[in-house]
file run.cif (mmCIF, C-alpha atoms (C1' of nucleotides))
data_structure
loop_
_atom_site.group_PDB
_atom_site.id
_atom_site.type_symbol
_atom_site.label_atom_id
_atom_site.label_comp_id
_atom_site.auth_asym_id
_atom_site.auth_seq_id
_atom_site.Cartn_x
_atom_site.Cartn_y
_atom_site.Cartn_z
ATOM 1 C CA MET T 1421 26.577 0.550 -0.567
ATOM 2 C CA GLU T 1422 25.930 4.287 -0.404
ATOM 3 C CA PRO T 1423 24.429 6.192 2.541
ATOM 4 C CA GLU T 1424 21.676 7.096 0.077
ATOM 5 C CA ASP T 1425 20.499 3.476 -0.105
ATOM 6 C CA VAL T 1426 20.500 2.972 3.646
ATOM 7 C CA PHE T 1427 18.733 6.249 4.424
ATOM 8 C CA ARG T 1428 16.087 5.673 1.785
ATOM 9 C CA THR T 1429 15.510 2.092 2.812
ATOM 10 C CA LEU T 1430 15.142 2.908 6.491
ATOM 11 C CA ALA T 1431 13.012 5.985 5.854
ATOM 12 C CA ASP T 1432 9.800 3.984 5.667
ATOM 13 C CA GLY T 1433 8.396 3.210 9.099
ATOM 14 C CA THR T 1434 6.942 -0.175 8.242
ATOM 15 C CA ARG T 1435 10.166 -1.319 6.622
ATOM 16 C CA ARG T 1436 12.316 0.037 9.431
ATOM 17 C CA GLY T 1437 10.007 -1.734 11.867
ATOM 18 C CA LEU T 1438 10.777 -5.041 10.175
ATOM 19 C CA PHE T 1439 14.495 -4.410 10.502
ATOM 20 C CA GLU T 1440 14.041 -3.507 14.145
ATOM 21 C CA ARG T 1441 12.171 -6.707 14.885
ATOM 22 C CA LEU T 1442 14.880 -8.746 13.184
ATOM 23 C CA ALA T 1443 17.563 -6.885 15.121
ATOM 24 C CA ARG T 1444 15.781 -7.540 18.416
ATOM 25 C CA GLU T 1445 14.394 -11.023 17.904
ATOM 26 C CA GLY T 1446 16.932 -12.642 15.626
ATOM 27 C CA GLU T 1447 15.822 -14.931 12.815
ATOM 28 C CA LEU T 1448 12.188 -14.677 11.768
ATOM 29 C CA SER T 1449 10.150 -16.158 8.941
ATOM 30 C CA VAL T 1450 8.069 -14.050 6.591
ATOM 31 C CA SER T 1451 4.873 -15.288 8.241
ATOM 32 C CA ALA T 1452 6.195 -14.392 11.678
ATOM 33 C CA LEU T 1453 7.126 -10.949 10.398
ATOM 34 C CA THR T 1454 3.776 -10.493 8.711
ATOM 35 C CA ALA T 1455 2.000 -11.153 12.006
ATOM 36 C CA GLY T 1456 2.207 -7.792 13.701
ATOM 37 C CA ALA T 1457 3.479 -5.838 10.730
ATOM 38 C CA GLY T 1458 0.089 -4.293 10.051
ATOM 39 C CA VAL T 1459 0.344 -4.898 6.317
ATOM 40 C CA SER T 1460 -0.208 -7.869 4.000
ATOM 41 C CA GLN T 1461 2.292 -10.628 3.371
ATOM 42 C CA PRO T 1462 3.177 -9.375 -0.129
ATOM 43 C CA ALA T 1463 3.880 -5.969 1.351
ATOM 44 C CA VAL T 1464 6.236 -7.580 3.849
ATOM 45 C CA SER T 1465 7.979 -9.521 1.079
ATOM 46 C CA GLN T 1466 8.421 -6.318 -0.896
ATOM 47 C CA HIS T 1467 9.944 -4.562 2.105
ATOM 48 C CA LEU T 1468 12.240 -7.492 2.775
ATOM 49 C CA LYS T 1469 13.409 -7.332 -0.829
ATOM 50 C CA ALA T 1470 14.252 -3.662 -0.389
ATOM 51 C CA LEU T 1471 16.097 -4.389 2.848
ATOM 52 C CA ARG T 1472 18.012 -7.181 1.170
ATOM 53 C CA LEU T 1473 19.011 -4.978 -1.771
ATOM 54 C CA ALA T 1474 20.310 -2.439 0.738
ATOM 55 C CA ASN T 1475 22.315 -5.196 2.418
ATOM 56 C CA LEU T 1476 20.422 -4.677 5.654
ATOM 57 C CA VAL T 1477 19.096 -8.217 5.989
ATOM 58 C CA GLY T 1478 20.134 -11.710 4.975
ATOM 59 C CA GLU T 1479 17.990 -14.748 4.288
ATOM 60 C CA THR T 1480 18.222 -18.510 4.503
ATOM 61 C CA ARG T 1481 15.755 -20.891 2.944
ATOM 62 C CA HIS T 1482 14.618 -23.801 5.110
ATOM 63 C CA GLY T 1483 12.262 -25.930 3.125
ATOM 64 C CA ARG T 1484 9.417 -23.656 2.199
ATOM 65 C CA THR T 1485 10.015 -21.107 4.913
ATOM 66 C CA VAL T 1486 12.611 -18.385 4.533
ATOM 67 C CA LEU T 1487 14.327 -17.071 7.625
ATOM 68 C CA TYR T 1488 15.451 -13.465 7.574
ATOM 69 C CA ARG T 1489 17.950 -11.857 9.911
ATOM 70 C CA ALA T 1490 19.289 -8.355 10.356
ATOM 71 C CA ASN T 1491 22.712 -7.608 8.957
ATOM 72 C CA PRO T 1492 24.113 -4.916 11.261
ATOM 73 C CA GLU T 1493 27.133 -4.506 9.028
ATOM 74 C CA GLY T 1494 24.708 -2.971 6.550
ATOM 75 C CA LEU T 1495 24.509 0.002 8.862
ATOM 76 C CA ARG T 1496 28.147 0.835 8.274
ATOM 77 C CA PRO T 1497 27.406 3.544 5.663
ATOM 78 C CA LEU T 1498 25.311 5.245 8.339
ATOM 79 C CA VAL T 1499 28.078 5.045 10.919
ATOM 80 C CA ASP T 1500 30.563 6.429 8.439
ATOM 81 C CA TRP T 1501 28.211 9.204 7.397
ATOM 82 C CA MET T 1502 27.632 10.243 10.974
ATOM 83 C CA ALA T 1503 31.338 10.304 11.668
ATOM 84 C CA LEU T 1504 31.789 12.580 8.636
ATOM 85 C CA TYR T 1505 28.867 14.943 8.959
ATOM 86 C CA GLY T 1506 27.973 14.902 12.603
ATOM 87 C CA ARG T 1507 30.618 17.552 13.376
ATOM 88 C CA PHE T 1508 29.492 18.014 16.973
ATOM 89 C CA TRP T 1509 29.345 14.246 17.195
ATOM 90 C CA ALA T 1510 32.474 13.822 15.162
ATOM 91 C CA ALA T 1511 34.807 15.061 17.860
ATOM 92 C CA ARG T 1512 33.128 12.686 20.234
ATOM 93 C CA PHE T 1513 33.400 9.854 17.755
ATOM 94 C CA ASP T 1514 37.097 10.563 17.552
ATOM 95 C CA ALA T 1515 37.258 10.509 21.323
ATOM 96 C CA LEU T 1516 35.409 7.212 21.212
ATOM 97 C CA GLU T 1517 37.874 5.751 18.783
ATOM 98 C CA ASP T 1518 40.692 6.806 21.052
ATOM 99 C CA LEU T 1519 38.873 5.166 23.916
ATOM 100 C CA LEU T 1520 38.339 1.988 21.916
ATOM 101 C CA ASN T 1521 41.955 1.888 20.852
ATOM 102 C CA ARG T 1522 43.090 2.256 24.425
ATOM 103 C CA MET T 1523 40.644 -0.415 25.488
ATOM 104 C CA ASP T 1524 41.926 -2.767 22.816
ATOM 105 C CA GLN T 1525 45.467 -2.547 24.081
ATOM 106 C CA MET E 29 11.943 14.335 17.484
ATOM 107 C CA GLU E 30 11.471 10.772 16.286
ATOM 108 C CA PRO E 31 13.959 8.709 14.271
ATOM 109 C CA GLU E 32 11.214 8.615 11.636
ATOM 110 C CA ASP E 33 11.537 12.362 11.041
ATOM 111 C CA VAL E 34 15.305 12.295 10.784
ATOM 112 C CA PHE E 35 15.429 9.263 8.496
ATOM 113 C CA ARG E 36 12.751 10.624 6.214
ATOM 114 C CA THR E 37 14.313 14.060 6.064
ATOM 115 C CA LEU E 38 17.771 12.771 5.259
ATOM 116 C CA ALA E 39 16.506 10.192 2.773
ATOM 117 C CA ASP E 40 16.452 12.690 -0.091
ATOM 118 C CA GLY E 41 19.866 13.172 -1.662
ATOM 119 C CA THR E 42 19.465 16.815 -2.534
ATOM 120 C CA ARG E 43 18.265 17.657 0.963
ATOM 121 C CA ARG E 44 20.955 15.592 2.628
ATOM 122 C CA GLY E 45 23.492 17.342 0.400
ATOM 123 C CA LEU E 46 22.379 20.682 1.774
ATOM 124 C CA PHE E 47 22.847 19.442 5.317
ATOM 125 C CA GLU E 48 26.275 18.108 4.420
ATOM 126 C CA ARG E 49 27.378 21.423 2.955
ATOM 127 C CA LEU E 50 26.206 23.236 6.072
ATOM 128 C CA ALA E 51 28.000 20.734 8.284
ATOM 129 C CA ARG E 52 31.225 21.175 6.323
ATOM 130 C CA GLU E 53 31.179 24.865 5.487
ATOM 131 C CA GLY E 54 29.341 26.383 8.437
ATOM 132 C CA GLU E 55 26.863 29.203 7.897
ATOM 133 C CA LEU E 56 25.547 29.667 4.374
ATOM 134 C CA SER E 57 22.838 31.824 2.826
ATOM 135 C CA VAL E 58 20.064 30.404 0.695
ATOM 136 C CA SER E 59 21.653 31.869 -2.437
ATOM 137 C CA ALA E 60 25.000 30.328 -1.562
ATOM 138 C CA LEU E 61 23.287 26.986 -1.013
ATOM 139 C CA THR E 62 21.319 27.314 -4.237
ATOM 140 C CA ALA E 63 24.546 27.772 -6.174
ATOM 141 C CA GLY E 64 25.721 24.221 -6.592
ATOM 142 C CA ALA E 65 22.575 22.509 -5.357
ATOM 143 C CA GLY E 66 21.444 21.648 -8.853
ATOM 144 C CA VAL E 67 17.869 22.737 -8.176
ATOM 145 C CA SER E 68 16.002 26.043 -8.098
ATOM 146 C CA GLN E 69 15.948 28.462 -5.171
ATOM 147 C CA PRO E 70 12.393 27.575 -4.173
ATOM 148 C CA ALA E 71 13.364 23.919 -4.102
ATOM 149 C CA VAL E 72 16.234 24.785 -1.784
ATOM 150 C CA SER E 73 13.923 26.810 0.468
ATOM 151 C CA GLN E 74 11.513 23.890 0.630
ATOM 152 C CA HIS E 75 14.300 21.507 1.595
ATOM 153 C CA LEU E 76 15.562 23.922 4.228
ATOM 154 C CA LYS E 77 12.092 24.118 5.680
ATOM 155 C CA ALA E 78 11.989 20.339 5.949
ATOM 156 C CA LEU E 79 15.415 20.291 7.575
ATOM 157 C CA ARG E 80 14.332 22.971 10.017
ATOM 158 C CA LEU E 81 11.141 21.095 10.948
ATOM 159 C CA ALA E 82 13.308 18.040 11.638
ATOM 160 C CA ASN E 83 15.520 20.180 13.857
ATOM 161 C CA LEU E 84 18.504 19.491 11.620
ATOM 162 C CA VAL E 85 19.301 23.119 10.785
ATOM 163 C CA GLY E 86 18.937 26.520 12.404
ATOM 164 C CA GLU E 87 18.591 29.925 10.782
ATOM 165 C CA THR E 88 19.429 33.534 11.515
ATOM 166 C CA ARG E 89 18.090 36.449 9.537
ATOM 167 C CA HIS E 90 20.612 39.146 8.612
ATOM 168 C CA GLY E 91 18.779 41.866 6.763
ATOM 169 C CA ARG E 92 17.359 40.213 3.700
ATOM 170 C CA THR E 93 19.666 37.238 3.725
ATOM 171 C CA VAL E 94 19.044 34.254 5.945
ATOM 172 C CA LEU E 95 21.993 32.247 7.183
ATOM 173 C CA TYR E 96 21.459 28.568 7.792
ATOM 174 C CA ARG E 97 23.668 26.294 9.829
ATOM 175 C CA ALA E 98 23.641 22.582 10.611
ATOM 176 C CA ASN E 99 22.361 21.533 13.997
ATOM 177 C CA PRO E 100 24.279 18.331 14.749
ATOM 178 C CA GLU E 101 22.236 17.816 17.893
ATOM 179 C CA GLY E 102 19.384 17.039 15.526
ATOM 180 C CA LEU E 103 21.176 13.813 14.697
ATOM 181 C CA ARG E 104 20.716 12.524 18.224
ATOM 182 C CA PRO E 105 17.645 10.411 17.327
ATOM 183 C CA LEU E 106 19.872 8.656 14.799
ATOM 184 C CA VAL E 107 22.580 8.011 17.354
ATOM 185 C CA ASP E 108 20.030 6.676 19.786
ATOM 186 C CA TRP E 109 18.423 4.489 17.135
ATOM 187 C CA MET E 110 21.758 3.010 16.131
ATOM 188 C CA ALA E 111 22.573 2.313 19.751
ATOM 189 C CA LEU E 112 19.316 0.403 20.017
ATOM 190 C CA TYR E 113 19.231 -1.469 16.747
ATOM 191 C CA GLY E 114 22.785 -1.685 15.527
ATOM 192 C CA ARG E 115 23.578 -4.744 17.663
ATOM 193 C CA PHE E 116 27.100 -5.221 16.345
ATOM 194 C CA TRP E 117 27.589 -1.498 16.585
ATOM 195 C CA ALA E 118 25.601 -1.283 19.764
ATOM 196 C CA ALA E 119 28.509 -1.925 22.079
ATOM 197 C CA ARG E 120 30.436 0.936 20.581
ATOM 198 C CA PHE E 121 27.480 3.273 20.681
ATOM 199 C CA ASP E 122 26.771 2.395 24.269
ATOM 200 C CA ALA E 123 30.379 3.205 25.047
ATOM 201 C CA LEU E 124 29.865 6.456 23.166
ATOM 202 C CA GLU E 125 26.840 7.340 25.219
ATOM 203 C CA ASP E 126 28.735 6.631 28.428
ATOM 204 C CA LEU E 127 31.574 8.769 27.173
ATOM 205 C CA LEU E 128 29.191 11.577 26.260
ATOM 206 C CA ASN E 129 27.589 11.503 29.668
ATOM 207 C CA ARG E 130 30.988 11.695 31.334
ATOM 208 C CA MET E 131 32.075 14.491 29.024
ATOM 209 C CA ASP E 132 28.942 16.456 29.818
ATOM 210 C CA GLN E 133 29.665 16.413 33.520
ATOM 211 C "C1'" DC L 872 -0.725 -37.040 -6.908
ATOM 212 C "C1'" DA L 873 -3.722 -33.534 -5.196
ATOM 213 C "C1'" DA L 874 -4.279 -30.131 -1.703
ATOM 214 C "C1'" DT L 875 -2.113 -27.015 1.221
ATOM 215 C "C1'" DT L 876 1.253 -23.966 2.865
ATOM 216 C "C1'" DA L 877 5.069 -20.356 2.426
ATOM 217 C "C1'" DC L 878 6.679 -16.987 -0.055
ATOM 218 C "C1'" DA L 879 7.515 -14.179 -4.279
ATOM 219 C "C1'" DT L 880 5.965 -11.675 -8.204
ATOM 220 C "C1'" DA L 881 2.532 -9.041 -11.165
ATOM 221 C "C1'" DA L 882 -0.534 -5.424 -11.912
ATOM 222 C "C1'" DG L 883 -2.972 -1.563 -10.653
ATOM 223 C "C1'" DC L 884 -4.166 2.319 -7.638
ATOM 224 C "C1'" DA L 885 -3.897 6.211 -4.506
ATOM 225 C "C1'" DA L 886 -0.947 8.995 -1.778
ATOM 226 C "C1'" DT L 887 3.314 11.275 -1.284
ATOM 227 C "C1'" DG L 888 6.912 14.053 -2.586
ATOM 228 C "C1'" DA L 889 10.288 16.601 -5.190
ATOM 229 C "C1'" DC L 890 10.454 19.611 -8.654
ATOM 230 C "C1'" DT L 891 8.975 23.577 -11.643
ATOM 231 C "C1'" DT L 892 7.251 28.593 -12.670
ATOM 232 C "C1'" DA L 893 4.754 32.369 -10.862
ATOM 233 C "C1'" DT L 894 3.940 35.293 -7.179
ATOM 234 C "C1'" DT L 895 4.421 37.407 -2.515
ATOM 235 C "C1'" DT L 896 6.904 39.480 1.250
ATOM 236 C "C1'" DA L 897 10.546 41.881 3.046
ATOM 237 C "C1'" DT L 898 14.797 44.472 2.947
ATOM 238 C "C1'" DC L 899 18.348 47.226 0.812
ATOM 239 C "C1'" DC L 900 19.967 50.986 -2.143
ATOM 240 C "C1'" DG L 901 20.154 54.777 -5.734
ATOM 241 C "C1'" DC Z 354 9.795 56.569 -3.117
ATOM 242 C "C1'" DG Z 355 10.984 52.973 -6.592
ATOM 243 C "C1'" DG Z 356 13.647 49.390 -8.486
ATOM 244 C "C1'" DA Z 357 16.266 45.464 -7.360
ATOM 245 C "C1'" DT Z 358 17.580 41.610 -4.568
ATOM 246 C "C1'" DA Z 359 16.795 37.604 -1.035
ATOM 247 C "C1'" DA Z 360 13.965 34.344 0.401
ATOM 248 C "C1'" DA Z 361 9.361 32.183 1.213
ATOM 249 C "C1'" DT Z 362 5.032 30.604 -0.375
ATOM 250 C "C1'" DA Z 363 1.467 29.079 -3.927
ATOM 251 C "C1'" DA Z 364 -0.042 26.134 -7.364
ATOM 252 C "C1'" DG Z 365 0.436 22.640 -10.511
ATOM 253 C "C1'" DT Z 366 2.897 18.573 -12.645
ATOM 254 C "C1'" DC Z 367 5.160 14.231 -12.897
ATOM 255 C "C1'" DA Z 368 7.604 10.306 -10.914
ATOM 256 C "C1'" DT Z 369 8.042 7.441 -7.069
ATOM 257 C "C1'" DT Z 370 6.384 4.427 -3.772
ATOM 258 C "C1'" DG Z 371 3.784 1.692 -0.590
ATOM 259 C "C1'" DC Z 372 -0.200 -0.636 -0.539
ATOM 260 C "C1'" DT Z 373 -3.780 -3.825 -2.259
ATOM 261 C "C1'" DT Z 374 -5.672 -8.204 -4.658
ATOM 262 C "C1'" DA Z 375 -4.624 -11.748 -7.789
ATOM 263 C "C1'" DT Z 376 -1.578 -15.086 -9.356
ATOM 264 C "C1'" DG Z 377 2.730 -17.851 -9.740
ATOM 265 C "C1'" DT Z 378 6.211 -21.087 -7.876
ATOM 266 C "C1'" DA Z 379 8.038 -24.288 -4.958
ATOM 267 C "C1'" DA Z 380 8.013 -27.358 -1.084
ATOM 268 C "C1'" DT Z 381 5.445 -30.184 2.366
ATOM 269 C "C1'" DT Z 382 1.638 -33.317 3.532
ATOM 270 C "C1'" DG Z 383 -2.324 -36.512 3.428
#

call {"tool": "encode", "arguments": {"input": "run.cif", "output": "structure tokens"}}
result
Amino acid sequence: MEPEDVFRTLADGTRRGLFERLAREGELSVSALTAGAGVSQPAVSQHLKALRLANLVGETRHGRTVLYRANPEGLRPLVDWMALYGRFWAARFDALEDLLNRMDQ
Amino acid sequence: MEPEDVFRTLADGTRRGLFERLAREGELSVSALTAGAGVSQPAVSQHLKALRLANLVGETRHGRTVLYRANPEGLRPLVDWMALYGRFWAARFDALEDLLNRMDQ
DNA sequence: CAATTACATAAGCAATGACTTATTTATCCG
DNA sequence: CGGATAAATAAGTCATTGCTTATGTAATTG
């Protein structure tokens, strides 16, 4: 997955809001997500499809309800991009990696 | 600056490409950026304006040329957002924030 | 089995946005 | 000065996109 996909998918506030709720609250059904999303259920389904195509959420069907959850690994392209193009941050990321390596030993 | 602004500004590939070039190559004029951007000079100027409004680039006028440079600090909303919503990544970003705070002292 | 519920898909519409060419503004130079 | 160059702005076009309502599909329930 390219940074392009992740940036574009998270650029919309409503869609990013859905991801945020899933990240905070864990597994949620479409109905649960629709309540409080401020848009219709089809709109939510369309956003969830976009998030799924960007590998940012996963789904499991339970009978007639579908539970969605955030897939944090989908954020990896963003992490990588920041490490590459953050420059100012990059040095600090490197320092972080050093720190992590030392912590892991 | 809100995460919204940064996500939306970096969502466009051409615009993000300009930021990337500035992050890699340092200060560049509009003409230099236009060469290799694949779009016209006005398009580049419009993208630079968007990047500037999102606090992602800075500019300095030198006679009739204007030098742009990346402002990595503008990525902070992204770092913060990832720390909040990355979950899996969160631990590492929290460690990063701690590290940054210690480095700043 | 018919009605209901959960969700996805279809179709259409209005707003946004990324581009273009044309023009403006400002600075440099012969 | 006057022409040329650098960049910004103006105006218009076309594609994308996020929303809506309407409908389809599948699973539960009475």

call {"tool": "calpha_fit_rmsd", "arguments": {"input": "run.cif", "fixed": "chain T", "moving": "chain E"}}
result
1.9 Å

call {"tool": "atom_distance", "arguments": {"input": "run.cif", "atom1": "CA of Ala63 in chain E", "atom2": "CA of Leu84 in chain E"}}
result
20.5 Å

call {"tool": "interface_residues", "arguments": {"input": "run.cif", "of": "chain T", "to": "chain Z", "cutoff": "12 Å", "atoms": "only C-alpha atoms (C1' of nucleotides)", "output": "list of chain:residue names"}}
result
T:Arg1428, T:Thr1429, T:Ala1431, T:Asp1432, T:Gly1433, T:Thr1434, T:Arg1435, T:Gly1458, T:Val1459, T:Ser1460, T:Gln1461, T:Pro1462, T:Ala1463, T:Val1464, T:Gln1466, T:His1467, T:Ala1470, T:Arg1481, T:His1482, T:Gly1483, T:Arg1484, T:Thr1485, T:Val1486

call {"tool": "resolve_selection", "arguments": {"input": "run.cif", "expression": "the PyMOL selection byres ((chain L) within 9 of (chain T))", "output": "PyMOL selection string"}}
result
chain L and resi 876-880

call {"tool": "write_last_selection", "arguments": {"input": "run.cif", "atoms": "C-alpha atoms (C1' of nucleotides)", "output": "mmCIF file, keeping the file's coordinate frame"}}
result
data_model
loop_
_atom_site.group_PDB
_atom_site.id
_atom_site.type_symbol
_atom_site.label_atom_id
_atom_site.label_comp_id
_atom_site.auth_asym_id
_atom_site.auth_seq_id
_atom_site.Cartn_x
_atom_site.Cartn_y
_atom_site.Cartn_z
ATOM 1 C "C1'" DT L 876 1.253 -23.966 2.865
ATOM 2 C "C1'" DA L 877 5.069 -20.356 2.426
ATOM 3 C "C1'" DC L 878 6.679 -16.987 -0.055
ATOM 4 C "C1'" DA L 879 7.515 -14.179 -4.279
ATOM 5 C "C1'" DT L 880 5.965 -11.675 -8.204
#

call {"tool": "closest_residue", "arguments": {"input": "run.cif", "among": "E:Leu79, E:Met29, E:Ala51, E:Leu46", "to": "chain T", "atoms": "only C-alpha atoms"}}
result
E:Ala51

call {"tool": "closest_residue", "arguments": {"input": "run.cif", "among": "T:Asp1500, T:Phe1427, T:Glu1422, T:Glu1447", "to": "chain E", "atoms": "all atoms listed in the file"}}
result
T:Phe1427

call {"tool": "atom_distance", "arguments": {"input": "run.cif", "atom1": "CA of Leu56 in chain E", "atom2": "CA of Met1502 in chain T"}}
result
20.6 Å

call {"tool": "closest_residue", "arguments": {"input": "run.cif", "among": "E:Arg80, E:Pro31, E:Gly64, E:Ala111", "to": "Ala98 in chain E", "atoms": "all atoms listed in the file"}}
result
E:Arg80

call {"tool": "closest_residue", "arguments": {"input": "run.cif", "among": "T:Gly1437, T:Leu1442, T:Leu1498, T:Pro1492", "to": "chain E", "atoms": "only C-alpha atoms"}}
result
T:Pro1492

call {"tool": "atom_distance", "arguments": {"input": "run.cif", "atom1": "CA of Leu76 in chain E", "atom2": "CA of Leu95 in chain E"}}
result
10.9 Å

call {"tool": "closest_residue", "arguments": {"input": "run.cif", "among": "T:Ala1457, T:Ala1452, T:Leu1495, T:Leu1473", "to": "chain E", "atoms": "only C-alpha atoms"}}
result
T:Leu1495

call {"tool": "axis_aligned_box", "arguments": {"input": "run.cif", "around": "range 881-895 of chain L", "padding_each_side": "3 Å", "output": "AutoDock Vina command-line options"}}
result
--center_x 3.1 --center_y 14.2 --center_z -7.0 --size_x 20.6 --size_y 52.4 --size_z 17.4

call {"tool": "decode", "arguments": {"input": "run.cif", "residues": "range 1436-1502 of chain T", "atoms": "C-alpha atoms", "output": "compact mmCIF listing (two decimals), in the first residue's frame"}}
result
# COMPACT_ATOMS: atom_id res chain seq x y z
CA ARG T 1436 -10.98 9.62 9.52
CA GLY T 1437 -13.48 10.01 12.34
CA LEU T 1438 -14.72 6.48 11.73
CA PHE T 1439 -11.18 5.15 11.90
CA GLU T 1440 -10.58 7.08 15.10
CA ARG T 1441 -13.67 5.64 16.74
CA LEU T 1442 -12.62 2.13 15.77
CA ALA T 1443 -9.11 2.76 17.09
CA ARG T 1444 -10.48 4.02 20.40
CA GLU T 1445 -13.48 1.77 20.95
CA GLY T 1446 -12.45 -1.46 19.29
CA GLU T 1447 -14.95 -3.49 17.29
CA LEU T 1448 -18.08 -1.67 16.17
CA SER T 1449 -20.97 -2.56 13.89
CA VAL T 1450 -22.04 -0.38 10.99
CA SER T 1451 -25.15 0.70 12.90
CA ALA T 1452 -23.07 1.65 15.92
CA LEU T 1453 -20.75 3.63 13.68
CA THR T 1454 -23.63 5.30 11.89
CA ALA T 1455 -25.00 6.55 15.21
CA GLY T 1456 -22.90 9.62 15.82
CA ALA T 1457 -21.27 9.77 12.42
CA GLY T 1458 -23.50 12.60 11.26
CA VAL T 1459 -24.13 11.00 7.89
CA SER T 1460 -26.42 8.26 6.56
CA GLN T 1461 -25.75 4.55 6.82
CA PRO T 1462 -24.88 4.19 3.12
CA ALA T 1463 -22.37 6.98 3.52
CA VAL T 1464 -20.79 5.11 6.41
CA SER T 1465 -20.67 1.90 4.37
CA GLN T 1466 -18.99 3.75 1.53
CA HIS T 1467 -16.37 5.18 3.88
CA LEU T 1468 -15.77 1.78 5.43
CA LYS T 1469 -15.22 0.36 1.96
CA ALA T 1470 -12.61 3.02 1.29
CA LEU T 1471 -10.92 2.32 4.62
CA ARG T 1472 -10.92 -1.38 3.88
CA LEU T 1473 -9.40 -0.88 0.42
CA ALA T 1474 -6.65 1.17 2.07
CA ASN T 1475 -6.07 -1.68 4.52
CA LEU T 1476 -6.95 0.58 7.43
CA VAL T 1477 -9.80 -1.52 8.80
CA GLY T 1478 -10.80 -5.17 8.89
CA GLU T 1479 -14.25 -6.71 9.13
CA THR T 1480 -15.89 -9.83 10.47
CA ARG T 1481 -19.42 -10.90 9.67
CA HIS T 1482 -21.52 -12.10 12.59
CA GLY T 1483 -24.89 -13.13 11.31
CA ARG T 1484 -26.32 -10.05 9.71
CA THR T 1485 -24.14 -7.57 11.54
CA VAL T 1486 -20.62 -6.81 10.39
CA LEU T 1487 -18.05 -5.82 12.96
CA TYR T 1488 -15.30 -3.48 11.84
CA ARG T 1489 -12.02 -2.86 13.62
CA ALA T 1490 -9.07 -0.59 13.01
CA ASN T 1491 -5.97 -2.12 11.49
CA PRO T 1492 -3.10 -0.05 12.89
CA GLU T 1493 -0.64 -1.88 10.68
CA GLY T 1494 -2.31 -0.02 7.82
CA LEU T 1495 -0.66 3.11 9.13
CA ARG T 1496 2.78 1.74 8.36
CA PRO T 1497 3.11 3.64 5.05
CA LEU T 1498 2.56 6.82 7.07
CA VAL T 1499 5.20 5.90 9.62
CA ASP T 1500 7.65 5.08 6.87
CA TRP T 1501 6.87 8.29 5.01
CA MET T 1502 7.42 10.37 8.10
